[in-house]
file structure.cif (mmCIF, C-alpha atoms)
data_target
#
loop_
_atom_site.group_PDB
_atom_site.id
_atom_site.type_symbol
_atom_site.label_atom_id
_atom_site.label_comp_id
_atom_site.auth_asym_id
_atom_site.auth_seq_id
_atom_site.Cartn_x
_atom_site.Cartn_y
_atom_site.Cartn_z
ATOM 1 C CA MET A 65 -7.728 7.046 -16.631
ATOM 2 C CA GLU A 66 -10.726 5.108 -15.355
ATOM 3 C CA PHE A 67 -10.682 1.316 -15.270
ATOM 4 C CA ASP A 68 -13.599 -1.095 -15.434
ATOM 5 C CA ALA A 69 -14.703 -2.654 -12.126
ATOM 6 C CA SER A 70 -13.605 -6.063 -13.427
ATOM 7 C CA THR A 71 -9.969 -4.852 -13.296
ATOM 8 C CA PHE A 72 -10.193 -5.014 -9.492
ATOM 9 C CA GLN A 73 -12.078 -8.325 -9.217
ATOM 10 C CA GLU A 74 -9.064 -10.549 -8.413
ATOM 11 C CA LEU A 75 -7.969 -8.254 -5.580
ATOM 12 C CA ARG A 76 -11.532 -7.877 -4.281
ATOM 13 C CA ASP A 77 -11.948 -11.665 -4.234
ATOM 14 C CA ALA A 78 -8.585 -12.130 -2.459
ATOM 15 C CA TYR A 79 -9.628 -9.556 0.129
ATOM 16 C CA LEU A 80 -13.013 -11.172 0.735
ATOM 17 C CA GLU A 81 -11.319 -14.562 1.138
ATOM 18 C CA LYS A 82 -9.121 -13.287 3.959
ATOM 19 C CA THR A 83 -10.322 -10.039 5.543
ATOM 20 C CA ILE A 84 -7.569 -7.788 6.837
ATOM 21 C CA PRO A 85 -7.452 -6.946 10.556
ATOM 22 C CA MET A 86 -8.382 -3.696 12.269
ATOM 23 C CA TYR A 87 -5.354 -1.424 12.283
ATOM 24 C CA PHE A 88 -4.634 0.333 15.537
ATOM 25 C CA GLU A 89 -1.009 1.445 15.047
ATOM 26 C CA ARG A 90 -1.889 4.383 12.778
ATOM 27 C CA HIS A 91 -4.604 5.834 15.027
ATOM 28 C CA ASN A 92 -3.188 9.314 14.409
ATOM 29 C CA SER A 93 -3.895 9.061 10.653
ATOM 30 C CA GLY A 94 -7.286 7.379 10.652
ATOM 31 C CA LYS A 95 -9.400 4.449 11.733
ATOM 32 C CA GLY A 96 -10.602 1.269 10.120
ATOM 33 C CA ARG A 97 -9.026 -1.749 8.482
ATOM 34 C CA SER A 98 -5.642 -1.146 6.902
ATOM 35 C CA MET A 99 -2.605 -3.325 6.310
ATOM 36 C CA SER A 100 0.778 -2.998 4.604
ATOM 37 C CA LEU A 101 2.448 -5.746 2.610
ATOM 38 C CA GLY A 102 5.694 -5.890 0.685
ATOM 39 C CA ILE A 103 9.262 -5.023 1.551
ATOM 40 C CA LEU A 104 9.105 -2.544 4.396
ATOM 41 C CA TRP A 105 11.603 -0.669 6.465
ATOM 42 C CA ARG A 106 10.753 -1.519 10.063
ATOM 43 C CA ARG A 107 12.510 0.575 12.679
ATOM 44 C CA ASN A 108 13.564 -2.282 14.955
ATOM 45 C CA TYR A 109 14.065 -4.982 12.322
ATOM 46 C CA GLY A 110 15.598 -3.408 9.224
ATOM 47 C CA VAL A 111 14.410 -3.990 5.673
ATOM 48 C CA GLY A 112 12.282 -7.087 5.214
ATOM 49 C CA TYR A 113 8.914 -8.451 4.277
ATOM 50 C CA SER A 114 5.814 -7.396 6.186
ATOM 51 C CA ARG A 115 5.112 -9.622 9.163
ATOM 52 C CA LEU A 116 1.755 -10.433 7.524
ATOM 53 C CA GLN A 117 3.258 -11.380 4.146
ATOM 54 C CA ASP A 118 2.709 -15.119 4.453
ATOM 55 C CA LYS A 119 -0.793 -14.899 5.895
ATOM 56 C CA PHE A 120 -2.035 -12.590 3.124
ATOM 57 C CA ALA A 121 -0.095 -13.994 0.152
ATOM 58 C CA GLY A 122 -3.262 -14.062 -1.987
ATOM 59 C CA ILE A 123 -3.782 -10.317 -1.536
ATOM 60 C CA TRP A 124 -0.098 -9.677 -2.324
ATOM 61 C CA THR A 125 -0.285 -11.687 -5.565
ATOM 62 C CA ALA A 126 -3.557 -10.067 -6.689
ATOM 63 C CA ALA A 127 -2.209 -6.590 -5.859
ATOM 64 C CA ARG A 128 0.972 -7.170 -7.876
ATOM 65 C CA ASN A 129 -1.175 -8.268 -10.821
ATOM 66 C CA LEU A 130 -3.285 -5.112 -10.466
ATOM 67 C CA ALA A 131 -0.192 -2.872 -10.315
ATOM 68 C CA ARG A 132 1.018 -4.303 -13.637
ATOM 69 C CA VAL A 133 -2.206 -2.957 -15.185
ATOM 70 C CA ILE A 134 -2.889 0.361 -13.442
ATOM 71 C CA CYS A 135 0.638 1.616 -12.647
ATOM 72 C CA PRO A 136 3.172 -0.448 -14.623
ATOM 73 C CA SER A 137 5.970 2.134 -14.494
ATOM 74 C CA LEU A 138 5.604 3.099 -10.816
ATOM 75 C CA ASP A 139 8.644 2.393 -8.637
ATOM 76 C CA TRP A 140 6.990 0.722 -5.630
ATOM 77 C CA THR A 141 7.981 -1.961 -3.114
ATOM 78 C CA CYS A 142 5.048 -1.833 -0.645
ATOM 79 C CA LEU A 143 1.328 -1.515 -0.632
ATOM 80 C CA ALA A 144 -1.331 -0.553 1.849
ATOM 81 C CA ILE A 145 -4.774 -2.050 1.398
ATOM 82 C CA ASN A 146 -7.665 -0.372 3.178
ATOM 83 C CA PHE A 147 -11.251 -1.321 3.968
ATOM 84 C CA ASN A 148 -13.542 1.638 4.747
ATOM 85 C CA TYR A 149 -10.460 3.378 6.126
ATOM 86 C CA GLN A 150 -11.299 6.903 7.211
ATOM 87 C CA ALA A 151 -7.978 8.743 6.915
ATOM 88 C CA LYS A 152 -7.538 11.968 8.840
ATOM 89 C CA PRO A 153 -5.351 14.760 7.430
ATOM 90 C CA HIS A 154 -1.799 13.403 7.377
ATOM 91 C CA ILE A 155 1.430 13.222 5.388
ATOM 92 C CA ASP A 156 2.958 9.799 4.750
ATOM 93 C CA LYS A 157 6.377 11.047 5.820
ATOM 94 C CA LYS A 158 7.959 7.589 5.500
ATOM 95 C CA ASN A 159 7.065 7.399 1.774
ATOM 96 C CA ASP A 160 9.653 8.140 -0.912
ATOM 97 C CA GLY A 161 8.690 9.548 -4.309
ATOM 98 C CA VAL A 162 5.367 9.070 -6.063
ATOM 99 C CA SER A 163 2.572 6.895 -4.653
ATOM 100 C CA CYS A 164 -0.468 5.568 -6.510
ATOM 101 C CA VAL A 165 -3.867 5.266 -4.804
ATOM 102 C CA VAL A 166 -7.050 3.842 -6.262
ATOM 103 C CA GLY A 167 -10.437 2.984 -4.767
ATOM 104 C CA PHE A 168 -12.750 0.170 -5.753
ATOM 105 C CA GLY A 169 -15.957 -1.370 -4.557
ATOM 106 C CA ASP A 170 -19.560 -0.239 -4.502
ATOM 107 C CA TYR A 171 -19.498 2.969 -2.484
ATOM 108 C CA GLU A 172 -20.390 6.644 -2.459
ATOM 109 C CA GLY A 173 -18.272 9.401 -0.950
ATOM 110 C CA GLY A 174 -14.739 8.611 0.190
ATOM 111 C CA GLU A 175 -13.040 11.141 -2.067
ATOM 112 C CA LEU A 176 -9.333 11.782 -1.562
ATOM 113 C CA VAL A 177 -8.811 15.381 -0.467
ATOM 114 C CA LEU A 178 -5.516 17.234 -0.843
ATOM 115 C CA THR A 179 -5.821 19.203 2.374
ATOM 116 C CA ASP A 180 -3.743 22.272 1.440
ATOM 117 C CA THR A 181 -5.825 23.030 -1.657
ATOM 118 C CA ASP A 182 -9.110 21.333 -0.666
ATOM 119 C CA GLU A 183 -9.014 19.570 -4.041
ATOM 120 C CA GLU A 184 -11.354 16.549 -3.974
ATOM 121 C CA ILE A 185 -10.366 13.606 -6.160
ATOM 122 C CA ASN A 186 -12.673 10.751 -7.048
ATOM 123 C CA ILE A 187 -10.342 7.720 -6.982
ATOM 124 C CA ARG A 188 -13.027 5.076 -7.579
ATOM 125 C CA HIS A 189 -11.507 2.980 -10.392
ATOM 126 C CA ARG A 190 -9.223 5.966 -11.175
ATOM 127 C CA PRO A 191 -5.595 5.674 -10.051
ATOM 128 C CA TYR A 192 -4.209 8.932 -8.707
ATOM 129 C CA PHE A 193 -0.467 9.585 -8.531
ATOM 130 C CA PHE A 194 0.983 12.048 -6.033
ATOM 131 C CA LYS A 195 3.818 12.562 -3.560
ATOM 132 C CA ALA A 196 2.060 11.331 -0.421
ATOM 133 C CA GLY A 197 5.241 11.925 1.592
ATOM 134 C CA GLU A 198 5.033 15.654 0.832
ATOM 135 C CA THR A 199 1.298 16.301 0.461
ATOM 136 C CA GLN A 200 -1.163 16.451 3.335
ATOM 137 C CA HIS A 201 -4.274 14.467 2.442
ATOM 138 C CA HIS A 202 -7.348 12.830 3.944
ATOM 139 C CA VAL A 203 -10.487 10.923 2.956
ATOM 140 C CA LYS A 204 -13.990 12.361 2.994
ATOM 141 C CA PRO A 205 -16.632 10.286 4.796
ATOM 142 C CA ILE A 206 -17.956 7.229 2.992
ATOM 143 C CA THR A 207 -21.685 7.859 2.700
ATOM 144 C CA SER A 208 -22.733 4.359 1.608
ATOM 145 C CA GLY A 209 -21.378 1.000 0.545
ATOM 146 C CA THR A 210 -17.978 -0.623 0.993
ATOM 147 C CA ARG A 211 -14.852 1.264 -0.041
ATOM 148 C CA LEU A 212 -11.688 -0.679 -0.662
ATOM 149 C CA SER A 213 -8.568 1.199 -1.648
ATOM 150 C CA ILE A 214 -4.973 0.326 -2.320
ATOM 151 C CA VAL A 215 -1.871 2.488 -2.209
ATOM 152 C CA PHE A 216 1.325 1.441 -3.978
ATOM 153 C CA PHE A 217 4.378 3.198 -2.538
ATOM 154 C CA ARG A 218 8.077 2.981 -1.756
ATOM 155 C CA PRO A 219 9.275 3.523 1.826
ATOM 156 C CA ARG A 220 12.038 5.983 2.540
ATOM 157 C CA TYR A 221 14.706 3.354 3.257
ATOM 158 C CA THR A 222 17.620 4.318 5.501
ATOM 159 C CA GLU A 223 20.817 5.981 4.267
ATOM 160 C CA LYS A 224 22.734 2.846 5.239
ATOM 161 C CA PHE A 225 20.449 0.720 3.071
ATOM 162 C CA ARG A 226 20.678 3.092 0.094
ATOM 163 C CA ALA A 227 24.481 3.292 0.392
ATOM 164 C CA LYS A 228 24.738 -0.496 0.251
ATOM 165 C CA TYR A 229 21.975 -1.392 -2.254
ATOM 166 C CA GLY A 230 21.053 1.785 -4.141
ATOM 167 C CA LYS A 231 17.410 1.987 -5.182
ATOM 168 C CA PRO A 232 16.504 -1.496 -6.442
ATOM 169 C CA SER A 233 13.133 -2.225 -8.030
ATOM 170 C CA LEU A 234 10.617 -4.531 -6.358
ATOM 171 C CA ASP A 235 11.681 -7.482 -8.520
ATOM 172 C CA GLU A 236 15.368 -6.812 -7.750
ATOM 173 C CA MET A 237 14.625 -6.610 -4.026
ATOM 174 C CA ILE A 238 12.713 -9.885 -4.134
ATOM 175 C CA GLN A 239 15.714 -11.526 -5.800
ATOM 176 C CA MET A 240 18.051 -10.027 -3.173
ATOM 177 C CA MET A 241 16.005 -11.236 -0.207
ATOM 178 C CA PRO A 242 17.483 -14.221 1.598
ATOM 179 C CA LYS A 243 15.465 -17.405 1.297
ATOM 180 C CA PRO A 244 13.443 -18.368 4.375
ATOM 181 C CA GLU A 245 14.904 -21.079 6.553
ATOM 182 C CA ASP A 246 12.963 -24.305 6.987
ATOM 183 C CA GLY A 247 9.878 -23.692 9.066
ATOM 184 C CA LYS A 248 10.064 -19.922 8.704
ATOM 185 C CA GLY A 249 8.078 -17.858 6.247
ATOM 186 C CA TRP A 250 8.989 -14.913 4.083
ATOM 187 C CA SER A 251 7.978 -12.450 6.770
ATOM 188 C CA SER A 252 10.947 -13.570 8.871
ATOM 189 C CA VAL A 253 13.683 -12.717 6.344
ATOM 190 C CA GLN A 254 15.481 -9.404 6.023
ATOM 191 C CA LEU A 255 18.172 -7.916 3.869
ATOM 192 C CA PRO A 256 21.481 -7.676 5.729
ATOM 193 C CA CYS A 257 22.609 -4.065 6.110
#
call {"tool": "encode", "arguments": {"input": "structure.cif", "output": "structure tokens"}}
result
Amino acid sequence: MEFDASTFQELRDAYLEKTIPMYFERHNSGKGRSMSLGILWRRNYGVGYSRLQDKFAGIWTAARNLARVICPSLDWTCLAINFNYQAKPHIDKKNDGVSCVVGFGDYEGGELVLTDTDEEINIRHRPYFFKAGETQHHVKPITSGTRLSIVFFRPRYTEKFRAKYGKPSLDEMIQMMPKPEDGKGWSSVQLPC
């Protein structure tokens, strides 16, 4: 299903208000600006909010509003927002289940390619659902304009986490999260495991 450009306006405005940083940690999967928000599993810290959650709260709110429209039944707890991100062939091996990706902005090119089949998918204003943790994929070059994209996904939380909490929804996880202590933001809190 294709959505009107106005569907993405709130998120576009939130992005333009506070541009995301260059992302260097995923150099093996691509280059450009990319950032994850939501409840992540971080190897050294456990399950908690992204360390950038407080700084980019406007993007988080706008993205949650967008998800209610374009993927209301998707079981997601995290998102990745990308700005002209040129993804190399990769598998998101830390993702669990189905992910939803959609592009927006005024751009040409930038199709999502499922590497094994060479299927090219135009995701501009068209959400695409697939198992990114099992499917190698990449992005074709952006030939003109500015391509923003967002991916809604659920991390593959640890066995210890799943044994204790099961598979709670995003809203359930938000309710479970401890409240931040005075002077500390949401990015500092984690679920005890």
call {"tool": "atom_distance", "arguments": {"input": "structure.cif", "atom1": "atom CA of A:Gln254", "atom2": "atom CA of A:Asn129"}}
result
23.7 Å
call {"tool": "closest_residue", "arguments": {"input": "structure.cif", "among": "A:Lys204, A:Arg76, A:Lys228, A:Lys243", "to": "A:Thr125", "atoms": "only C-alpha atoms"}}
result
A:Arg76
call {"tool": "closest_residue", "arguments": {"input": "structure.cif", "among": "A:Asp156, A:Trp140, A:Asn146, A:Ser208", "to": "A:Tyr171", "atoms": "only C-alpha atoms"}}
result
A:Ser208
call {"tool": "residues_around", "arguments": {"input": "structure.cif", "residues": "A:Cys164", "least_positions_apart": "2", "cutoff": "6 Å", "atoms": "all atoms listed in the file", "output": "list in words"}}
result
Tyr192, Phe193, Val215 and Phe216 of chain A
call {"tool": "residues_around", "arguments": {"input": "structure.cif", "residues": "A:Leu143", "least_positions_apart": "6", "cutoff": "7 Å", "atoms": "all atoms listed in the file", "output": "PyMOL selection string"}}
result
chain A and resi 100-102+214-217
call {"tool": "closest_residue", "arguments": {"input": "structure.cif", "among": "A:Lys158, A:Arg190, A:Arg115, A:Lys248", "to": "A:Leu176", "atoms": "all atoms listed in the file"}}
result
A:Arg190
call {"tool": "closest_residue", "arguments": {"input": "structure.cif", "among": "A:Arg132, A:Phe72, A:Ile206, A:Tyr113", "to": "A:Met241", "atoms": "all atoms listed in the file"}}
result
A:Tyr113
call {"tool": "closest_residue", "arguments": {"input": "structure.cif", "among": "A:Asn186, A:Gln73, A:Gln200, A:Thr83", "to": "A:Pro153", "atoms": "all atoms listed in the file"}}
result
A:Gln200
call {"tool": "residues_around", "arguments": {"input": "structure.cif", "residues": "A:Trp250", "least_positions_apart": "3", "cutoff": "12 Å", "atoms": "all atoms listed in the file", "output": "VMD selection string"}}
result
chain A and resid 101 to 103 112 to 121 238 241 to 247 253 to 255
call {"tool": "closest_residue", "arguments": {"input": "structure.cif", "among": "A:His154, A:Lys82, A:Arg220, A:Arg106", "to": "A:Val203", "atoms": "all atoms listed in the file"}}
result
A:His154
call {"tool": "atom_distance", "arguments": {"input": "structure.cif", "atom1": "atom CA of A:Ala69", "atom2": "atom CA of A:Gly169"}}
result
7.8 Å
call {"tool": "resolve_selection", "arguments": {"input": "structure.cif", "expression": "the PyMOL selection byres ((chain A and resi 97) around 8)", "output": "list in words"}}
result
Ile84, Pro85, Met86, Tyr87, Lys95, Gly96, Ser98, Met99, Asn146, Phe147, Asn148 and Tyr149 of chain A
call {"tool": "resolve_selection", "arguments": {"input": "structure.cif", "expression": "the PyMOL selection byres ((chain A and resi 110) around 9)", "output": "list in words"}}
result
Leu104, Trp105, Arg106, Arg107, Asn108, Tyr109, Val111, Gly112, Thr222, Phe225, Gln254, Leu255, Pro256 and Cys257 of chain A
call {"tool": "residues_around", "arguments": {"input": "structure.cif", "residues": "A:Thr207", "least_positions_apart": "6", "cutoff": "10 Å", "atoms": "all atoms listed in the file", "output": "PDB file with C-alpha atoms, in the frame of the given file"}}
result
ATOM      1  CA  TYR A 171     -19.498   2.969  -2.484  1.00  0.00           C
ATOM      2  CA  GLU A 172     -20.390   6.644  -2.459  1.00  0.00           C
ATOM      3  CA  GLY A 173     -18.272   9.401  -0.950  1.00  0.00           C
ATOM      4  CA  GLY A 174     -14.739   8.611   0.190  1.00  0.00           C
TER       5      GLY A 174
END
call {"tool": "atom_distance", "arguments": {"input": "structure.cif", "atom1": "atom CA of A:Ala196", "atom2": "atom CA of A:Val165"}}
result
9.5 Å
call {"tool": "axis_aligned_box", "arguments": {"input": "structure.cif", "around": "stretch 236-246 of chain A", "padding_each_side": "8 Å", "output": "lines of an AutoDock Vina configuration file"}}
result
center_x = 15.4
center_y = -15.5
center_z = -0.4
size_x = 21.3
size_y = 33.7
size_z = 30.7
